[in-house]
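Listing of entry-v6.cif, mmCIF, C-alpha atoms and all ligand atoms
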```cif
data_run
loop_
_atom_site.label_atom_id
_atom_site.label_comp_id
_atom_site.auth_asym_id
_atom_site.auth_seq_id
_atom_site.Cartn_x
_atom_site.Cartn_y
_atom_site.Cartn_z
CA MET A 16 -11.69 14.96 -3.83
CA GLN A 17 -14.55 12.69 -2.87
CA VAL A 18 -14.15 8.92 -2.90
CA ALA A 19 -17.14 6.61 -2.69
CA VAL A 20 -16.67 3.97 -0.01
CA ILE A 21 -18.58 1.08 1.48
CA ASN A 22 -17.51 0.37 5.03
CA ARG A 23 -18.30 -3.23 5.91
CA SER A 24 -15.82 -3.19 8.78
CA HIS A 25 -16.76 -2.66 12.39
CA HIS A 26 -14.41 0.32 12.60
CA PRO A 27 -14.87 3.99 11.65
CA LEU A 28 -13.65 5.12 8.25
CA PRO A 29 -9.91 5.86 8.08
CA ALA A 30 -9.18 9.47 8.99
CA TYR A 31 -6.20 11.78 8.53
CA GLN A 32 -4.46 12.00 11.92
CA THR A 33 -2.97 15.47 11.40
CA GLU A 34 -3.73 18.47 9.22
CA HIS A 35 -1.31 17.66 6.43
CA ALA A 36 -1.00 13.90 6.78
CA ALA A 37 -0.73 12.26 3.36
CA GLY A 38 -1.94 8.87 4.51
CA LEU A 39 -5.14 7.57 6.05
CA ASP A 40 -4.39 4.78 8.52
CA VAL A 41 -6.40 1.65 7.77
CA ARG A 42 -7.36 -0.89 10.42
CA ALA A 43 -7.40 -4.66 10.34
CA ASN A 44 -10.97 -5.94 10.32
CA LEU A 45 -10.66 -9.35 11.96
CA THR A 46 -12.92 -11.81 13.74
CA GLU A 47 -9.87 -13.29 15.46
CA PRO A 48 -6.23 -12.22 15.79
CA VAL A 49 -3.70 -13.27 13.13
CA THR A 50 -0.30 -14.46 14.34
CA LEU A 51 2.65 -13.85 12.06
CA GLY A 52 5.78 -15.84 12.77
CA PRO A 53 9.19 -14.65 11.50
CA LEU A 54 9.08 -14.12 7.70
CA GLN A 55 5.41 -15.15 7.55
CA ARG A 56 2.95 -13.13 5.53
CA ALA A 57 -0.82 -12.71 5.66
CA LEU A 58 -3.49 -10.89 3.68
CA ILE A 59 -5.30 -8.73 6.20
CA PRO A 60 -8.86 -7.63 5.38
CA THR A 61 -9.99 -4.06 6.03
CA GLY A 62 -13.72 -4.28 5.27
CA LEU A 63 -13.37 -1.27 2.94
CA PHE A 64 -14.57 -1.17 -0.67
CA LEU A 65 -13.68 1.89 -2.77
CA GLU A 66 -14.70 3.56 -5.99
CA ILE A 67 -11.70 5.73 -6.78
CA PRO A 68 -12.17 8.42 -9.45
CA ALA A 69 -10.57 7.64 -12.84
CA GLY A 70 -7.05 9.04 -13.04
CA TYR A 71 -6.34 8.25 -9.40
CA GLU A 72 -5.02 5.25 -7.51
CA ALA A 73 -4.68 4.46 -3.84
CA GLN A 74 -1.28 3.34 -2.65
CA VAL A 75 -1.17 0.95 0.30
CA ARG A 76 1.93 1.96 2.17
CA PRO A 77 3.62 0.60 5.30
CA ARG A 78 3.47 2.41 8.64
CA SER A 79 6.88 3.40 9.93
CA GLY A 80 5.90 2.79 13.56
CA LEU A 81 5.04 -0.85 12.91
CA ALA A 82 8.17 -1.25 10.81
CA TYR A 83 10.49 0.28 13.41
CA LYS A 84 8.98 -1.23 16.55
CA HIS A 85 8.04 -4.67 15.24
CA GLY A 86 9.67 -5.21 11.83
CA ILE A 87 6.29 -5.36 10.12
CA GLY A 88 6.25 -4.38 6.45
CA LEU A 89 4.25 -4.96 3.30
CA VAL A 90 5.27 -7.71 0.91
CA ASN A 91 4.18 -5.63 -2.09
CA SER A 92 5.16 -2.20 -0.95
CA PRO A 93 3.45 -0.05 -2.02
CA GLY A 94 0.33 -1.97 -2.97
CA THR A 95 -1.79 -0.48 -5.72
CA ILE A 96 -5.58 -0.08 -5.53
CA ASP A 97 -6.82 0.52 -9.06
CA ALA A 98 -9.64 2.93 -9.80
CA ASP A 99 -11.67 0.09 -11.34
CA TYR A 100 -11.20 -2.31 -8.40
CA ARG A 101 -14.42 -3.00 -6.52
CA GLY A 102 -13.23 -5.74 -4.16
CA GLU A 103 -12.18 -5.42 -0.56
CA VAL A 104 -9.00 -3.49 0.16
CA LYS A 105 -6.52 -5.92 1.72
CA VAL A 106 -3.09 -5.40 3.23
CA LEU A 107 -0.32 -7.90 2.56
CA LEU A 108 1.70 -7.82 5.79
CA VAL A 109 5.04 -9.52 6.32
CA ASN A 110 6.88 -10.06 9.57
CA LEU A 111 10.52 -9.16 8.95
CA SER A 112 11.53 -9.60 12.57
CA ASN A 113 12.64 -12.77 14.31
CA GLU A 114 9.77 -12.68 16.79
CA GLU A 115 6.08 -13.51 16.50
CA PHE A 116 3.75 -10.59 15.92
CA VAL A 117 0.02 -10.72 16.61
CA VAL A 118 -2.24 -8.60 14.41
CA ASN A 119 -5.29 -7.70 16.47
CA ASP A 120 -8.64 -6.48 15.23
CA GLY A 121 -8.52 -2.69 14.84
CA GLU A 122 -4.73 -2.54 14.52
CA ARG A 123 -3.66 0.19 12.11
CA VAL A 124 -1.79 -1.99 9.65
CA ALA A 125 -1.06 0.38 6.76
CA GLN A 126 -1.89 3.77 5.30
CA LEU A 127 -3.68 4.70 2.11
CA VAL A 128 -2.31 7.53 -0.02
CA PHE A 129 -4.42 8.71 -2.94
CA ALA A 130 -2.41 9.82 -5.95
CA ARG A 131 -2.89 10.86 -9.54
CA TYR A 132 -1.36 8.80 -12.26
CA GLU A 133 -0.88 9.27 -15.98
CA ALA A 134 -1.99 6.68 -18.48
CA ILE A 135 0.66 6.61 -21.21
CA GLU A 136 0.85 5.54 -24.82
CA TRP A 137 4.09 3.91 -25.99
CA GLN A 138 6.01 5.68 -28.69
CA GLU A 139 8.41 3.01 -29.89
CA VAL A 140 11.72 4.44 -31.20
CA ALA A 141 15.12 3.15 -32.35
CA GLU A 142 17.22 5.44 -30.14
CA LEU A 143 16.81 7.55 -27.01
CA SER A 144 18.20 11.06 -26.48
CA GLN A 145 21.71 11.40 -25.03
CA THR A 146 22.28 12.56 -21.44
CA VAL A 147 25.24 13.02 -19.07
CA ARG A 148 24.01 10.10 -16.94
CA GLY A 149 23.52 7.82 -19.87
CA ALA A 150 23.16 4.27 -18.61
CA GLY A 151 24.87 5.00 -15.27
CA GLY A 152 23.03 3.99 -12.14
CA TYR A 153 23.30 1.89 -9.00
CA GLY A 154 25.75 4.26 -7.35
CA SER A 155 27.55 5.43 -10.48
CA THR A 156 27.72 9.06 -9.24
CA GLY A 157 29.98 8.36 -6.26
CA THR A 158 30.54 6.32 -3.15
CA LYS A 159 28.38 8.26 -0.66
O1 LIG B 201 -2.04 -4.28 -1.43
C1 LIG B 201 -2.96 -4.48 -2.23
C2 LIG B 201 -2.74 -4.59 -3.61
C3 LIG B 201 -3.81 -4.84 -4.44
N1 LIG B 201 -5.08 -4.93 -3.93
C4 LIG B 201 -6.22 -5.13 -4.83
C5 LIG B 201 -6.59 -3.82 -5.51
C6 LIG B 201 -5.97 -3.92 -6.86
O2 LIG B 201 -6.67 -3.14 -7.81
C7 LIG B 201 -6.05 -5.41 -7.12
C8 LIG B 201 -5.01 -5.92 -8.06
O3 LIG B 201 -3.75 -5.58 -7.56
P1 LIG B 201 -2.44 -5.76 -8.45
O4 LIG B 201 -2.64 -5.15 -9.79
O5 LIG B 201 -1.28 -5.34 -7.63
O6 LIG B 201 -2.45 -7.34 -8.55
P2 LIG B 201 -1.90 -8.32 -9.62
O7 LIG B 201 -1.06 -9.30 -8.94
O8 LIG B 201 -1.31 -7.60 -10.81
O9 LIG B 201 -3.25 -9.05 -10.01
P3 LIG B 201 -4.35 -8.75 -11.12
O10 LIG B 201 -4.01 -9.70 -12.20
O11 LIG B 201 -5.64 -9.05 -10.43
O12 LIG B 201 -4.22 -7.29 -11.52
O13 LIG B 201 -5.88 -6.04 -5.85
C9 LIG B 201 -5.31 -4.81 -2.57
O14 LIG B 201 -6.43 -4.87 -2.09
N2 LIG B 201 -4.23 -4.59 -1.77
#
```
Using structure tokens, write down the structure from this file.
Ligand SMILES: O=c1ccn([C@H]2C[C@H](O)[C@@H](COP(=O)(O)OP(=O)(O)OP(=O)(O)O)O2)c(=O)[nH]1
Amino acid sequence: MQVAVINRSHHPLPAYQTEHAAGLDVRANLTEPVTLGPLQRALIPTGLFLEIPAGYEAQVRPRSGLAYKHGIGLVNSPGTIDADYRGEVKVLLVNLSNEEFVVNDGERVAQLVFARYEAIEWQEVAELSQTVRGAGGYGSTGTK
């Protein structure tokens, strides 16, 4: 699938790192570093502007390396880039550790996964079909 992109960052376009990688790592496009104290959040610009084909979205997902090594996550995980969005893709980072973290220019802060979605129409009804699960959830099937 081809996706139109304007790259106003000073970094190359995101690229798949391995043959079957689902995500394209996106880099912070910063004029100066951003320091995140414990539990602080910041909207990190990427310099990327997309035109995603109708029927698709881009999910902004966290990177496990940043999460594991530094406790850095996304506030709105996963973020959603709509097909009709023409603004800059931004990454809403949060520091979940108890130490400062500095986001430097070029840091790979998240990954973009492109995915199909279905637009639905509501069919309002009085009752839903019966199932074994019924309304059970939140661990209702056991303790492990
Ligand atoms: O991590 C994100 C999430 C969203 N967006 C952009 C693209 C998306 O299409 C738009 C709106 O996102 P969303 O629908 O999550 O925001 P909202 O809070 O519902 O605001 P709006 O009323 O603008 O839809 O913001 C990003 O750049 N990064």
Using all atoms listed in the file, which residues have at least one atom no more than 6 Å from ligand LIG 201 (chain B)? Output them as number ranges by chain.
A: 75, 94-97, 100, 103-107
Separation of CA of Leu51 in chain A from CA of Val117 in chain A, in Å and rounded to one decimal:
6.1 Å
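Put simply, CA of Val49 in chain A is 23.8 Å away from CA of Ala30 in chain A.
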Grab the CA of Arg76 in chain A to CA of Gly154 in chain A distance for me, in Å with one decimal place.
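The value is 25.8 Å.
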Which of A:Ile135, A:Ile87, A:Val18, A:Ile67 sits closest to Val118 in chain A [using only C-alpha atoms]
A:Ile87
Using all atoms listed in the file, which of the listed residues (A:Ala150, A:Val41, A:Ala69, A:Val124) sits closest to Ala82 in chain A?
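Ranking A:Ala150, A:Val41, A:Ala69, A:Val124 by distance to Ala82 in chain A, first place goes to A:Val124.
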Selection as a VMD selection string: residues within 12 Å of (-2.3, -8.1, 14.1), counting only C-alpha atoms:
chain A and resid 42 to 52 56 to 61 81 85 87 106 to 110 115 to 125
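Using only C-alpha atoms for every distance, the candidate list A:Pro93, A:Gly149, A:Gly70, A:Gly38 yields A:Gly70 as the residue closest to Arg131 in chain A.
Among the candidate residues A:Gly157, A:Gly62, A:Pro77, A:Gly152, the one lying nearest to His25 in chain A is A:Gly62, with distances computed using all atoms listed in the file.
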